[in-house]
$ cat entry-v4.txt   # compact mmCIF, C-alpha atoms and all ligand atoms
# COMPACT_ATOMS: atom_id res chain seq x y z
CA MET I 880 96.10 115.21 109.94
CA PRO I 881 97.17 112.68 107.30
CA GLU I 882 100.48 113.47 105.65
CA ILE I 883 102.40 112.31 102.58
CA TYR I 884 106.19 112.06 102.27
CA THR I 885 108.03 111.27 99.04
CA PHE I 886 111.40 109.50 98.73
CA PRO I 887 113.04 108.97 95.32
CA LEU I 888 114.58 105.49 95.70
CA GLY I 889 116.65 103.04 93.71
CA PRO I 890 118.52 103.09 90.42
CA LEU I 891 115.76 104.95 88.55
CA GLN I 892 114.88 107.31 91.45
CA THR I 893 111.34 106.00 91.58
CA ASN I 894 109.10 108.02 93.87
CA CYS I 895 108.21 106.03 96.97
CA CYS I 896 105.42 107.61 99.03
CA LEU I 897 104.79 107.20 102.74
CA VAL I 898 101.20 108.04 103.72
CA VAL I 899 100.68 108.57 107.43
CA ASN I 900 97.37 108.64 109.29
CA ASP I 901 96.67 108.32 112.98
CA GLY I 902 99.75 106.34 114.00
CA GLN I 903 99.61 104.08 110.96
CA ALA I 904 101.21 104.29 107.55
CA LEU I 905 101.20 102.76 104.10
CA VAL I 906 103.87 102.81 101.43
CA VAL I 907 103.37 103.13 97.68
CA ASP I 908 106.03 101.70 95.33
CA PRO I 909 109.21 101.15 97.35
CA GLY I 910 111.57 101.22 94.34
CA GLY I 911 114.84 100.86 96.25
CA PRO I 912 116.38 100.12 99.65
CA PRO I 913 113.69 101.36 102.06
CA GLU I 914 115.90 102.62 104.94
CA PRO I 915 114.97 106.32 104.49
CA VAL I 916 111.28 105.37 104.65
CA LEU I 917 111.78 103.19 107.73
CA ARG I 918 113.75 105.94 109.49
CA ARG I 919 110.98 108.47 108.80
CA ALA I 920 108.31 106.08 110.06
CA GLU I 921 110.34 105.57 113.22
CA THR I 922 110.79 109.32 113.74
CA LEU I 923 107.06 109.84 113.28
CA ARG I 924 106.31 106.82 115.52
CA VAL I 925 103.98 105.26 112.98
CA SER I 926 103.79 101.62 111.98
CA ILE I 927 103.72 100.63 108.32
CA ARG I 928 100.68 98.40 107.74
CA THR I 929 100.38 98.08 103.97
CA ILE I 930 102.62 98.14 100.90
CA LEU I 931 100.90 99.03 97.62
CA ASN I 932 102.34 98.63 94.11
CA THR I 933 100.84 100.71 91.29
CA HIS I 934 102.23 98.26 88.74
CA LEU I 935 104.78 95.47 88.49
CA HIS I 936 107.72 97.04 86.68
CA PHE I 937 111.02 96.23 88.40
CA ASP I 938 111.94 99.80 89.28
CA HIS I 939 108.87 100.08 91.54
CA LEU I 940 109.58 96.81 93.36
CA TYR I 941 113.19 96.77 94.58
CA GLY I 942 112.27 97.63 98.17
CA ASN I 943 109.19 95.37 98.51
CA GLN I 944 110.80 92.41 100.24
CA ALA I 945 113.10 94.42 102.53
CA LEU I 946 110.19 96.61 103.62
CA HIS I 947 108.01 93.56 104.19
CA GLU I 948 110.73 91.90 106.28
CA ALA I 949 111.18 95.05 108.38
CA THR I 950 107.47 95.69 108.99
CA GLY I 951 105.49 92.50 108.30
CA ALA I 952 103.17 94.59 106.09
CA PRO I 953 101.47 92.69 103.27
CA ILE I 954 102.33 93.61 99.66
CA LEU I 955 99.29 94.28 97.47
CA VAL I 956 99.80 94.17 93.71
CA PRO I 957 97.63 94.64 90.61
CA GLU I 958 96.23 91.27 89.63
CA LYS I 959 96.55 91.82 85.88
CA ASP I 960 100.26 92.67 86.18
CA VAL I 961 101.20 89.40 87.91
CA PRO I 962 102.35 87.75 84.63
CA LEU I 963 105.05 90.45 84.37
CA LEU I 964 106.83 88.95 87.39
CA ALA I 965 107.83 85.99 85.22
CA SER I 966 109.76 88.30 82.87
CA GLY I 967 112.68 90.69 83.28
CA LEU I 968 110.28 93.61 83.20
CA GLY I 969 108.95 92.53 86.57
CA SER I 970 111.83 90.62 88.09
CA GLY I 971 114.70 92.91 87.11
CA ASN I 972 117.90 91.60 85.58
CA TYR I 973 116.75 93.75 82.67
CA MET I 974 118.46 96.60 80.79
CA GLY I 975 121.54 96.06 83.01
CA MET I 976 119.48 96.50 86.19
CA PRO I 977 119.77 94.31 89.31
CA LYS I 978 117.34 91.53 90.17
CA VAL I 979 114.30 92.20 92.35
CA ASP I 980 114.23 90.16 95.59
CA VAL I 981 111.40 87.64 95.39
CA PHE I 982 108.41 88.70 97.50
CA ALA I 983 105.05 87.21 98.48
CA TYR I 984 101.99 89.22 97.51
CA GLU I 985 98.22 89.47 97.58
CA THR I 986 96.38 90.69 94.50
CA LEU I 987 94.29 93.81 94.25
CA HIS I 988 91.79 95.01 91.68
CA ALA I 989 89.74 98.13 91.04
CA GLY I 990 87.11 99.07 93.60
CA ARG I 991 86.60 100.68 96.98
CA GLN I 992 89.05 99.83 99.72
CA SER I 993 90.08 101.16 103.10
CA PHE I 994 93.72 101.37 104.20
CA ILE I 995 95.07 102.75 107.51
CA GLY I 996 91.66 104.26 108.26
CA LEU I 997 91.46 106.10 104.93
CA GLU I 998 89.06 105.43 102.10
CA CYS I 999 90.77 104.57 98.85
CA SER I 1000 89.29 104.09 95.43
CA VAL I 1001 91.47 101.76 93.46
CA LEU I 1002 91.22 102.80 89.80
CA ALA I 1003 92.07 100.65 86.79
CA THR I 1004 94.45 102.78 84.70
CA PRO I 1005 96.05 100.38 82.19
CA GLY I 1006 98.13 101.36 79.16
CA HIS I 1007 101.64 101.68 80.64
CA SER I 1008 101.28 98.11 81.89
CA PRO I 1009 98.25 95.81 81.52
CA GLY I 1010 97.19 96.01 85.16
CA SER I 1011 98.33 99.47 86.33
CA LEU I 1012 96.24 100.77 89.22
CA SER I 1013 95.93 104.29 90.60
CA PHE I 1014 95.10 104.89 94.26
CA HIS I 1015 92.81 107.84 94.98
CA PHE I 1016 92.43 108.95 98.58
CA PRO I 1017 89.58 111.51 98.68
CA GLU I 1018 90.39 112.59 102.25
CA LEU I 1019 93.98 113.35 101.23
CA GLY I 1020 93.01 115.03 97.97
CA ALA I 1021 95.70 112.85 96.41
CA VAL I 1022 96.07 110.19 93.75
CA PHE I 1023 99.08 107.90 93.27
CA VAL I 1024 99.31 107.08 89.58
CA GLY I 1025 102.57 105.17 89.08
CA ASP I 1026 103.84 105.69 85.53
CA VAL I 1027 100.51 106.39 83.83
CA LEU I 1028 100.63 110.18 84.07
CA PHE I 1029 103.55 112.56 84.73
CA ALA I 1030 103.76 116.33 85.07
CA GLY I 1031 103.46 117.40 81.41
CA SER I 1032 103.82 113.88 80.04
CA ILE I 1033 102.58 110.30 80.09
CA GLY I 1034 104.17 106.92 80.70
CA ARG I 1035 105.87 104.83 78.04
CA THR I 1036 103.56 102.48 76.17
CA ASP I 1037 106.20 100.49 74.29
CA PHE I 1038 106.81 97.92 77.04
CA PHE I 1039 105.07 94.54 76.96
CA GLY I 1040 101.33 95.01 77.51
CA GLY I 1041 101.46 98.76 76.93
CA ASP I 1042 98.98 100.55 74.66
CA LEU I 1043 98.80 104.29 73.95
CA GLU I 1044 95.08 104.49 73.17
CA ILE I 1045 94.21 102.50 76.29
CA LEU I 1046 96.42 104.76 78.42
CA LEU I 1047 94.91 107.99 77.07
CA ASP I 1048 91.42 106.63 77.59
CA ALA I 1049 92.22 105.52 81.17
CA VAL I 1050 93.61 108.94 82.07
CA ARG I 1051 90.58 110.71 80.61
CA SER I 1052 87.97 108.41 82.15
CA GLN I 1053 89.56 107.54 85.53
CA LEU I 1054 91.86 110.46 86.43
CA PHE I 1055 90.48 113.54 84.68
CA THR I 1056 87.12 112.87 86.33
CA LEU I 1057 88.64 113.35 89.82
CA PRO I 1058 88.26 116.73 91.57
CA PRO I 1059 90.50 119.19 89.66
CA GLN I 1060 92.50 120.22 92.75
CA THR I 1061 93.54 116.59 93.40
CA VAL I 1062 97.34 116.34 93.75
CA VAL I 1063 98.88 113.75 91.41
CA TYR I 1064 101.86 111.76 92.74
CA PRO I 1065 103.64 110.18 89.73
CA GLY I 1066 106.19 107.39 89.90
CA HIS I 1067 108.95 109.70 88.65
CA GLY I 1068 109.47 113.47 88.80
CA PRO I 1069 107.46 116.22 90.49
CA THR I 1070 103.87 116.20 91.69
CA THR I 1071 101.19 117.99 89.67
CA THR I 1072 97.41 118.39 89.83
CA ILE I 1073 94.55 117.04 87.75
CA ALA I 1074 93.64 120.62 86.71
CA GLU I 1075 97.18 121.42 85.53
CA GLU I 1076 97.39 118.26 83.44
CA GLN I 1077 93.96 118.80 81.90
CA ARG I 1078 95.04 122.31 80.93
CA ASP I 1079 98.71 121.86 79.94
CA ASN I 1080 99.51 118.23 79.18
CA PRO I 1081 100.31 118.08 75.43
CA PHE I 1082 99.00 114.50 75.13
CA PHE I 1083 95.45 115.63 75.91
CA GLU I 1084 94.93 118.60 73.62
ZN ZN D 1 106.66 101.42 84.85
$ encode --input "entry-v4.txt" --output "structure tokens"
Amino acid sequence: MPEIYTFPLGPLQTNCCLVVNDGQALVVDPGGPPEPVLRRAETLRVSIRTILNTHLHFDHLYGNQALHEATGAPILVPEKDVPLLASGLGSGNYMGMPKVDVFAYETLHAGRQSFIGLECSVLATPGHSPGSLSFHFPELGAVFVGDVLFAGSIGRTDFFGGDLEILLDAVRSQLFTLPPQTVVYPGHGPTTTIAEEQRDNPFFE
């Protein structure tokens, strides 16, 4: 049975998720020192094969390089967010925050993928950042959305490349069309479901 574990990491307590399937694992958004994630993977005897970033804001990236060094797993990032790495928003050293360790990456765009033996539809959900991606795993009944959608709220759209109308449209067209019972794993705060957000989220009345 696939399983999901969440670890709030780093200075902004960004949710880092460990997805485990059949002896393998992937990590979404290691936003701080990844030791708790590595310890859990060791306890579960799974090997981390892939590191996914929902978007390239510094608080989702702090653990990328350390996790890559510990596991050899490639880091896959949204292609349209790559320009952010040249600014403080992507590299840290921003709003009094530490610098992000430089990491090598491969780019990813929307479409069907397979990771650790699980199908994944990579969804383009821009608006919080220009290239934000969400990762929907139908077999898990889960979607990892980064900072696009939160329980009862939405992500900020006042950073470079953000746009409120684009974000609302992306949530409606890409996320609210998923099965209603799908569990939403946001980049900060508690999990929710598509059905709950459709019903209660004040930004979508
Ligand atoms: Zn962000």
$ residues_near_ligand --input "entry-v4.txt" --ligand "ligand ZN 1 (chain D)" --cutoff "9 Å" --atoms "all atoms listed in the file" --output "list in words"
Thr933, His934, Leu935, His936, Phe937, Asp938, His939, Leu968, His1007, Ser1008, Ser1011, Gly1025, Asp1026, Val1027, Gly1034, Arg1035, Phe1038 and Gly1066 of chain I
$ atom_distance --input "entry-v4.txt" --atom1 "atom CA of I:Gly1010" --atom2 "atom CA of I:Gly889"
22.4 Å
$ closest_residue --input "entry-v4.txt" --among "I:Gly971, I:Gly1031, I:Pro1081, I:Pro1065" --to "I:Val907" --atoms "only C-alpha atoms"
I:Pro1065
$ atom_distance --input "entry-v4.txt" --atom1 "atom CA of I:Glu882" --atom2 "atom CA of I:Thr929"
15.5 Å
$ closest_residue --input "entry-v4.txt" --among "I:Pro962, I:Gly1020, I:Pro957, I:Pro1069" --to "I:Gly990" --atoms "only C-alpha atoms"
I:Pro957
$ residues_around --input "entry-v4.txt" --residues "stretch 918-920 of chain I" --least-positions-apart "4" --cutoff "10 Å" --atoms "only C-alpha atoms" --output "ChimeraX atom specification"
/I:884,897-899,902-905,913-914,924-927
$ closest_residue --input "entry-v4.txt" --among "I:Phe1014, I:Ala1030, I:Pro912, I:Ser1052" --to "I:Arg1078" --atoms "all atoms listed in the file"
I:Ala1030
$ axis_aligned_box --input "entry-v4.txt" --around "stretch 1032-1051 of chain I" --padding-each-side "6 Å" --output "lines of an AutoDock Vina configuration file"
center_x = 98.7
center_y = 104.2
center_z = 77.6
size_x = 28.2
size_y = 31.3
size_z = 20.9
$ atom_distance --input "entry-v4.txt" --atom1 "atom CA of I:Phe1023" --atom2 "atom CA of I:Val1063"
6.1 Å
$ residues_around --input "entry-v4.txt" --residues "I:Glu1076" --least-positions-apart "6" --cutoff "9 Å" --atoms "only C-alpha atoms" --output "mmCIF file with C-alpha atoms, in the coordinates of the input"
data_model
loop_
_atom_site.group_PDB
_atom_site.id
_atom_site.type_symbol
_atom_site.label_atom_id
_atom_site.label_comp_id
_atom_site.auth_asym_id
_atom_site.auth_seq_id
_atom_site.Cartn_x
_atom_site.Cartn_y
_atom_site.Cartn_z
ATOM 1 C CA LEU I 1028 100.630 110.180 84.070
ATOM 2 C CA PHE I 1029 103.550 112.560 84.730
ATOM 3 C CA ALA I 1030 103.760 116.330 85.070
ATOM 4 C CA GLY I 1031 103.460 117.400 81.410
ATOM 5 C CA SER I 1032 103.820 113.880 80.040
ATOM 6 C CA PHE I 1055 90.480 113.540 84.680
ATOM 7 C CA PHE I 1083 95.450 115.630 75.910
#
$ closest_residue --input "entry-v4.txt" --among "I:Leu946, I:Ile883, I:Ile995, I:Ala965" --to "I:Asp901" --atoms "only C-alpha atoms"
I:Ile995
$ closest_residue --input "entry-v4.txt" --among "I:Pro1009, I:Asn1080, I:Leu955, I:Val979" --to "I:Leu1043" --atoms "all atoms listed in the file"
I:Pro1009
